[in-house]
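Data block for protein_3.cif (mmCIF, N, CA and C atoms and all ligand atoms):
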```cif
data_upload
loop_
_atom_site.label_atom_id
_atom_site.label_comp_id
_atom_site.auth_asym_id
_atom_site.auth_seq_id
_atom_site.Cartn_x
_atom_site.Cartn_y
_atom_site.Cartn_z
N MET A 23 24.37 11.10 -27.13
CA MET A 23 23.20 11.87 -27.48
C MET A 23 22.56 12.45 -26.20
N THR A 24 22.21 13.68 -26.24
CA THR A 24 21.57 14.31 -25.09
C THR A 24 20.07 14.47 -25.36
N VAL A 25 19.28 14.04 -24.41
CA VAL A 25 17.83 14.19 -24.55
C VAL A 25 17.38 15.33 -23.66
N LYS A 26 16.71 16.28 -24.23
CA LYS A 26 16.22 17.42 -23.44
C LYS A 26 14.76 17.15 -23.07
N ILE A 27 14.49 17.17 -21.79
CA ILE A 27 13.12 16.94 -21.33
C ILE A 27 12.47 18.29 -21.04
N THR A 28 11.33 18.50 -21.67
CA THR A 28 10.61 19.75 -21.47
C THR A 28 9.87 19.71 -20.13
N LEU A 29 9.97 20.78 -19.37
CA LEU A 29 9.25 20.83 -18.10
C LEU A 29 7.76 21.02 -18.35
N GLY A 30 6.95 20.22 -17.66
CA GLY A 30 5.51 20.34 -17.80
C GLY A 30 4.94 21.34 -16.80
N ALA A 31 5.53 21.35 -15.62
CA ALA A 31 5.05 22.25 -14.58
C ALA A 31 6.16 22.44 -13.56
N ILE A 32 6.13 23.55 -12.90
CA ILE A 32 7.12 23.82 -11.86
C ILE A 32 6.38 24.20 -10.59
N ASN A 33 6.71 23.51 -9.51
CA ASN A 33 6.14 23.86 -8.22
C ASN A 33 7.13 24.76 -7.50
N LYS A 34 6.79 26.00 -7.38
CA LYS A 34 7.69 26.95 -6.72
C LYS A 34 7.49 26.99 -5.21
N GLU A 35 6.51 26.21 -4.74
CA GLU A 35 6.23 26.18 -3.30
C GLU A 35 6.60 24.82 -2.74
N HIS A 36 7.83 24.53 -2.55
CA HIS A 36 8.23 23.23 -2.01
C HIS A 36 7.63 23.01 -0.63
N GLY A 37 7.21 21.78 -0.37
CA GLY A 37 6.63 21.47 0.93
C GLY A 37 5.23 22.02 1.11
N SER A 38 4.54 22.25 0.00
CA SER A 38 3.21 22.88 0.10
C SER A 38 2.06 21.88 -0.02
N SER A 39 2.35 20.59 -0.01
CA SER A 39 1.29 19.62 -0.30
C SER A 39 0.15 19.65 0.72
N ARG A 40 0.44 20.03 1.97
CA ARG A 40 -0.62 20.11 2.99
C ARG A 40 -1.69 21.14 2.60
N LYS A 41 -1.25 22.13 1.89
CA LYS A 41 -2.13 23.25 1.53
C LYS A 41 -3.17 22.86 0.47
N TYR A 42 -2.85 21.86 -0.34
CA TYR A 42 -3.72 21.50 -1.45
C TYR A 42 -4.45 20.19 -1.14
N LYS A 43 -5.75 20.30 -0.96
CA LYS A 43 -6.53 19.13 -0.56
C LYS A 43 -6.88 18.30 -1.79
N THR A 44 -6.00 17.36 -2.09
CA THR A 44 -6.11 16.57 -3.31
C THR A 44 -7.16 15.47 -3.25
N GLY A 45 -7.82 15.33 -2.12
CA GLY A 45 -8.88 14.34 -2.00
C GLY A 45 -10.02 14.60 -2.97
N GLY A 46 -10.12 15.81 -3.46
CA GLY A 46 -11.18 16.15 -4.41
C GLY A 46 -10.99 15.49 -5.77
N TRP A 47 -9.83 14.90 -6.00
CA TRP A 47 -9.56 14.21 -7.28
C TRP A 47 -10.15 12.81 -7.29
N ARG A 48 -10.55 12.32 -6.11
CA ARG A 48 -10.91 10.91 -5.93
C ARG A 48 -12.22 10.55 -6.64
N THR A 49 -12.23 9.38 -7.27
CA THR A 49 -13.49 8.85 -7.84
C THR A 49 -13.93 7.60 -7.11
N VAL A 50 -12.99 6.95 -6.43
CA VAL A 50 -13.32 5.82 -5.57
C VAL A 50 -12.68 6.05 -4.21
N CYS A 51 -13.30 5.52 -3.19
CA CYS A 51 -12.90 5.84 -1.81
C CYS A 51 -12.60 4.55 -1.03
N PRO A 52 -11.51 4.53 -0.28
CA PRO A 52 -11.23 3.33 0.52
C PRO A 52 -12.10 3.30 1.78
N VAL A 53 -12.60 2.11 2.08
CA VAL A 53 -13.39 1.92 3.30
C VAL A 53 -12.80 0.71 4.03
N VAL A 54 -12.46 0.91 5.29
CA VAL A 54 -11.82 -0.16 6.05
C VAL A 54 -12.83 -0.84 6.97
N ASP A 55 -12.73 -2.15 7.05
CA ASP A 55 -13.51 -2.94 8.00
C ASP A 55 -12.59 -3.24 9.18
N LEU A 56 -12.77 -2.49 10.27
CA LEU A 56 -11.87 -2.63 11.42
C LEU A 56 -12.03 -3.97 12.13
N GLU A 57 -13.12 -4.69 11.85
CA GLU A 57 -13.29 -6.04 12.41
C GLU A 57 -12.28 -7.00 11.79
N LYS A 58 -11.92 -6.74 10.53
CA LYS A 58 -10.96 -7.61 9.84
C LYS A 58 -9.52 -7.15 10.05
N CYS A 59 -9.33 -5.87 10.31
CA CYS A 59 -7.99 -5.28 10.40
C CYS A 59 -7.16 -5.92 11.50
N ILE A 60 -5.91 -6.26 11.18
CA ILE A 60 -5.01 -6.87 12.17
C ILE A 60 -3.90 -5.88 12.60
N SER A 61 -4.08 -4.61 12.26
CA SER A 61 -3.15 -3.53 12.66
C SER A 61 -1.70 -3.80 12.24
N CYS A 62 -1.53 -4.29 11.04
CA CYS A 62 -0.16 -4.52 10.54
C CYS A 62 0.45 -3.22 9.99
N TYR A 63 -0.41 -2.28 9.64
CA TYR A 63 -0.04 -0.95 9.11
C TYR A 63 0.71 -1.00 7.77
N ARG A 64 0.50 -2.05 7.05
CA ARG A 64 1.07 -2.15 5.70
C ARG A 64 0.46 -1.06 4.80
N CYS A 65 -0.81 -0.83 4.95
CA CYS A 65 -1.48 0.22 4.16
C CYS A 65 -0.84 1.58 4.45
N TYR A 66 -0.57 1.83 5.69
CA TYR A 66 0.07 3.09 6.11
C TYR A 66 1.44 3.25 5.43
N ASP A 67 2.19 2.15 5.40
CA ASP A 67 3.54 2.19 4.80
C ASP A 67 3.48 2.45 3.30
N TYR A 68 2.46 1.96 2.64
CA TYR A 68 2.41 2.04 1.18
C TYR A 68 1.66 3.26 0.65
N CYS A 69 0.85 3.90 1.44
CA CYS A 69 0.06 5.03 0.92
C CYS A 69 0.99 6.15 0.42
N PRO A 70 0.89 6.50 -0.85
CA PRO A 70 1.79 7.52 -1.40
C PRO A 70 1.43 8.94 -0.99
N ASP A 71 0.27 9.12 -0.37
CA ASP A 71 -0.17 10.47 -0.04
C ASP A 71 -0.25 10.72 1.47
N ALA A 72 0.30 9.82 2.26
CA ALA A 72 0.26 9.97 3.73
C ALA A 72 -1.16 10.28 4.20
N ALA A 73 -2.13 9.58 3.61
CA ALA A 73 -3.54 9.84 3.91
C ALA A 73 -4.12 8.83 4.91
N ILE A 74 -3.24 8.02 5.51
CA ILE A 74 -3.70 7.04 6.49
C ILE A 74 -3.05 7.36 7.83
N LYS A 75 -3.88 7.33 8.87
CA LYS A 75 -3.37 7.57 10.22
C LYS A 75 -3.47 6.26 11.00
N LYS A 76 -2.45 6.01 11.81
CA LYS A 76 -2.51 4.85 12.70
C LYS A 76 -3.37 5.22 13.91
N ILE A 77 -4.26 4.34 14.27
CA ILE A 77 -5.01 4.51 15.51
C ILE A 77 -4.91 3.19 16.27
N GLU A 78 -5.32 3.22 17.51
CA GLU A 78 -5.28 1.98 18.28
C GLU A 78 -6.23 0.99 17.61
N ASN A 79 -5.78 -0.19 17.37
CA ASN A 79 -6.56 -1.26 16.74
C ASN A 79 -6.98 -0.94 15.31
N GLY A 80 -6.15 -0.25 14.56
CA GLY A 80 -6.48 -0.06 13.15
C GLY A 80 -5.98 1.23 12.55
N ILE A 81 -6.75 1.71 11.61
CA ILE A 81 -6.37 2.92 10.86
C ILE A 81 -7.59 3.80 10.66
N GLU A 82 -7.33 5.04 10.29
CA GLU A 82 -8.39 5.89 9.77
C GLU A 82 -7.83 6.70 8.63
N TYR A 83 -8.71 7.17 7.77
CA TYR A 83 -8.28 7.90 6.58
C TYR A 83 -8.38 9.40 6.77
N ASP A 84 -7.49 10.11 6.11
CA ASP A 84 -7.61 11.56 6.00
C ASP A 84 -8.09 11.81 4.57
N LEU A 85 -9.39 11.88 4.41
CA LEU A 85 -9.97 11.95 3.06
C LEU A 85 -9.73 13.29 2.37
N ASP A 86 -9.22 14.27 3.08
CA ASP A 86 -8.84 15.52 2.42
C ASP A 86 -7.68 15.30 1.45
N TYR A 87 -6.91 14.22 1.69
CA TYR A 87 -5.71 14.00 0.88
C TYR A 87 -5.69 12.68 0.13
N CYS A 88 -6.57 11.75 0.46
CA CYS A 88 -6.60 10.45 -0.24
C CYS A 88 -7.08 10.66 -1.68
N LYS A 89 -6.28 10.20 -2.64
CA LYS A 89 -6.67 10.35 -4.05
C LYS A 89 -7.40 9.13 -4.58
N GLY A 90 -7.56 8.10 -3.75
CA GLY A 90 -8.31 6.92 -4.19
C GLY A 90 -7.55 6.01 -5.13
N CYS A 91 -6.23 5.94 -4.96
CA CYS A 91 -5.42 5.12 -5.87
C CYS A 91 -5.64 3.62 -5.67
N GLY A 92 -6.07 3.22 -4.46
CA GLY A 92 -6.36 1.81 -4.21
C GLY A 92 -5.16 0.97 -3.78
N ILE A 93 -4.00 1.58 -3.61
CA ILE A 93 -2.82 0.82 -3.21
C ILE A 93 -3.04 0.18 -1.83
N CYS A 94 -3.63 0.93 -0.92
CA CYS A 94 -3.85 0.39 0.43
C CYS A 94 -4.71 -0.87 0.38
N SER A 95 -5.72 -0.83 -0.46
CA SER A 95 -6.62 -1.98 -0.60
C SER A 95 -5.88 -3.19 -1.17
N LYS A 96 -5.05 -2.92 -2.16
CA LYS A 96 -4.29 -4.00 -2.81
C LYS A 96 -3.27 -4.60 -1.85
N GLU A 97 -2.67 -3.79 -1.00
CA GLU A 97 -1.62 -4.28 -0.12
C GLU A 97 -2.13 -4.91 1.17
N CYS A 98 -3.35 -4.65 1.54
CA CYS A 98 -3.86 -5.19 2.81
C CYS A 98 -3.88 -6.73 2.77
N PRO A 99 -3.17 -7.38 3.70
CA PRO A 99 -3.05 -8.84 3.64
C PRO A 99 -4.33 -9.58 4.01
N VAL A 100 -5.27 -8.90 4.67
CA VAL A 100 -6.50 -9.59 5.08
C VAL A 100 -7.74 -9.04 4.36
N LYS A 101 -7.49 -8.25 3.31
CA LYS A 101 -8.58 -7.69 2.49
C LYS A 101 -9.60 -6.93 3.35
N ALA A 102 -9.08 -6.11 4.25
CA ALA A 102 -9.96 -5.33 5.13
C ALA A 102 -10.40 -4.01 4.49
N ILE A 103 -9.79 -3.66 3.34
CA ILE A 103 -10.10 -2.38 2.70
C ILE A 103 -10.75 -2.62 1.35
N VAL A 104 -11.90 -2.04 1.14
CA VAL A 104 -12.54 -2.11 -0.18
C VAL A 104 -12.65 -0.69 -0.73
N MET A 105 -12.62 -0.60 -2.05
CA MET A 105 -12.75 0.69 -2.72
C MET A 105 -14.20 0.81 -3.20
N VAL A 106 -14.84 1.88 -2.82
CA VAL A 106 -16.24 2.08 -3.22
C VAL A 106 -16.35 3.38 -4.05
N LYS A 107 -17.28 3.37 -4.97
CA LYS A 107 -17.46 4.53 -5.83
C LYS A 107 -17.80 5.75 -4.99
N GLU A 108 -17.14 6.85 -5.32
CA GLU A 108 -17.35 8.08 -4.58
C GLU A 108 -18.73 8.68 -4.88
N GLU A 109 -19.44 9.06 -3.84
CA GLU A 109 -20.73 9.72 -4.01
C GLU A 109 -20.51 11.22 -3.81
N LYS A 110 -20.84 12.03 -4.82
CA LYS A 110 -20.65 13.48 -4.67
C LYS A 110 -21.90 14.23 -5.05
S1 LIG B 1 -3.07 -3.24 5.79
FE1 LIG B 1 -5.12 -3.99 6.33
S2 LIG B 1 -4.80 -5.16 8.19
FE2 LIG B 1 -2.99 -3.89 7.92
S3 LIG B 1 -3.44 -2.01 9.10
FE3 LIG B 1 -4.10 -1.63 6.99
S4 LIG B 1 -6.30 -2.19 7.01
FE4 LIG B 1 -5.37 -3.10 8.83
S1 LIG B 2 -6.47 4.95 -1.76
FE1 LIG B 2 -4.32 5.52 -2.15
S2 LIG B 2 -4.15 7.63 -1.43
FE2 LIG B 2 -6.02 6.81 -0.53
S3 LIG B 2 -5.40 6.04 1.45
FE3 LIG B 2 -5.28 4.31 0.00
S4 LIG B 2 -3.15 4.29 -0.68
FE4 LIG B 2 -3.55 6.30 0.26
#
```
Once more with this new file: its structure as structure tokens, please.
Amino acid sequence: MTVKITLGAINKEHGSSRKYKTGGWRTVCPVVDLEKCISCYRCYDYCPDAAIKKIENGIEYDLDYCKGCGICSKECPVKAIVMVKEEK
């Protein structure tokens, strides 16, 4: 049996994700406590939107692209990241 999947959308601009600032979709925002951070960069490895930058002694967010999924917070081994309601 063949199952035909209907296309929902087509992106004709491959590699265009930098152009679209998806951070506007966010309803909750990650906040890191650098005092707790042990610079393991697990959050960096798991972020699906490449919205985390490595810095010396921790991380910083690129909020233009963070969608607020909370994966970084869930994966942080020392609970240094909390998700807070977005204020707009
Ligand atoms: S996962 Fe947590 S401890 Fe590791 S770099 Fe990210 S914020 Fe720091
Ligand atoms: S909340 Fe999600 S998208 Fe935003 S930095 Fe964390 S893992 Fe990346």
For A:Asp55: contacts at 6.5 Å, all atoms listed in the file, fewer than 4 positions along chain excluded, given as an MDAnalysis selection string: chainID A and resid 59 102:104
Secondary structure check, helix (DSSP H, G or I) residues of stretch 25-109 of chain A, as a PyMOL selection string: chain A and resi 39-41+44-47+64-68+93-97
Sel. of strand (DSSP E) residues, chain A, as a ChimeraX atom specification: /A:50-54,74-77,80-83,103-107
Neighbouring residues of ligand LIG 1 (chain B) are defined here as those with any atom at most 10 Å from a ligand atom, counting only C-alpha atoms and all ligand atoms; list them as a ChimeraX atom specification. /A:52-69,74-77,79-82,93-104
Compare A:Lys26, A:Glu108, A:Tyr42, A:Lys34 by their minimum atom-to-atom distance to A:Tyr87, counting all atoms listed in the file, and give me the closest one. A:Tyr42
For each of A:Glu35, A:Met23, A:Cys88, A:Leu29, take the minimum atom-to-atom distance to ligand LIG 2 (chain B), counting all atoms listed in the file, then give the residue where this is smallest.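 Selected residue with least distance to ligand LIG 2 (chain B): A:Cys88.
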Could you tell me how far atom CA of A:Thr49 sits from atom N of A:Glu109, in Å to one decimal place? 7.2 Å
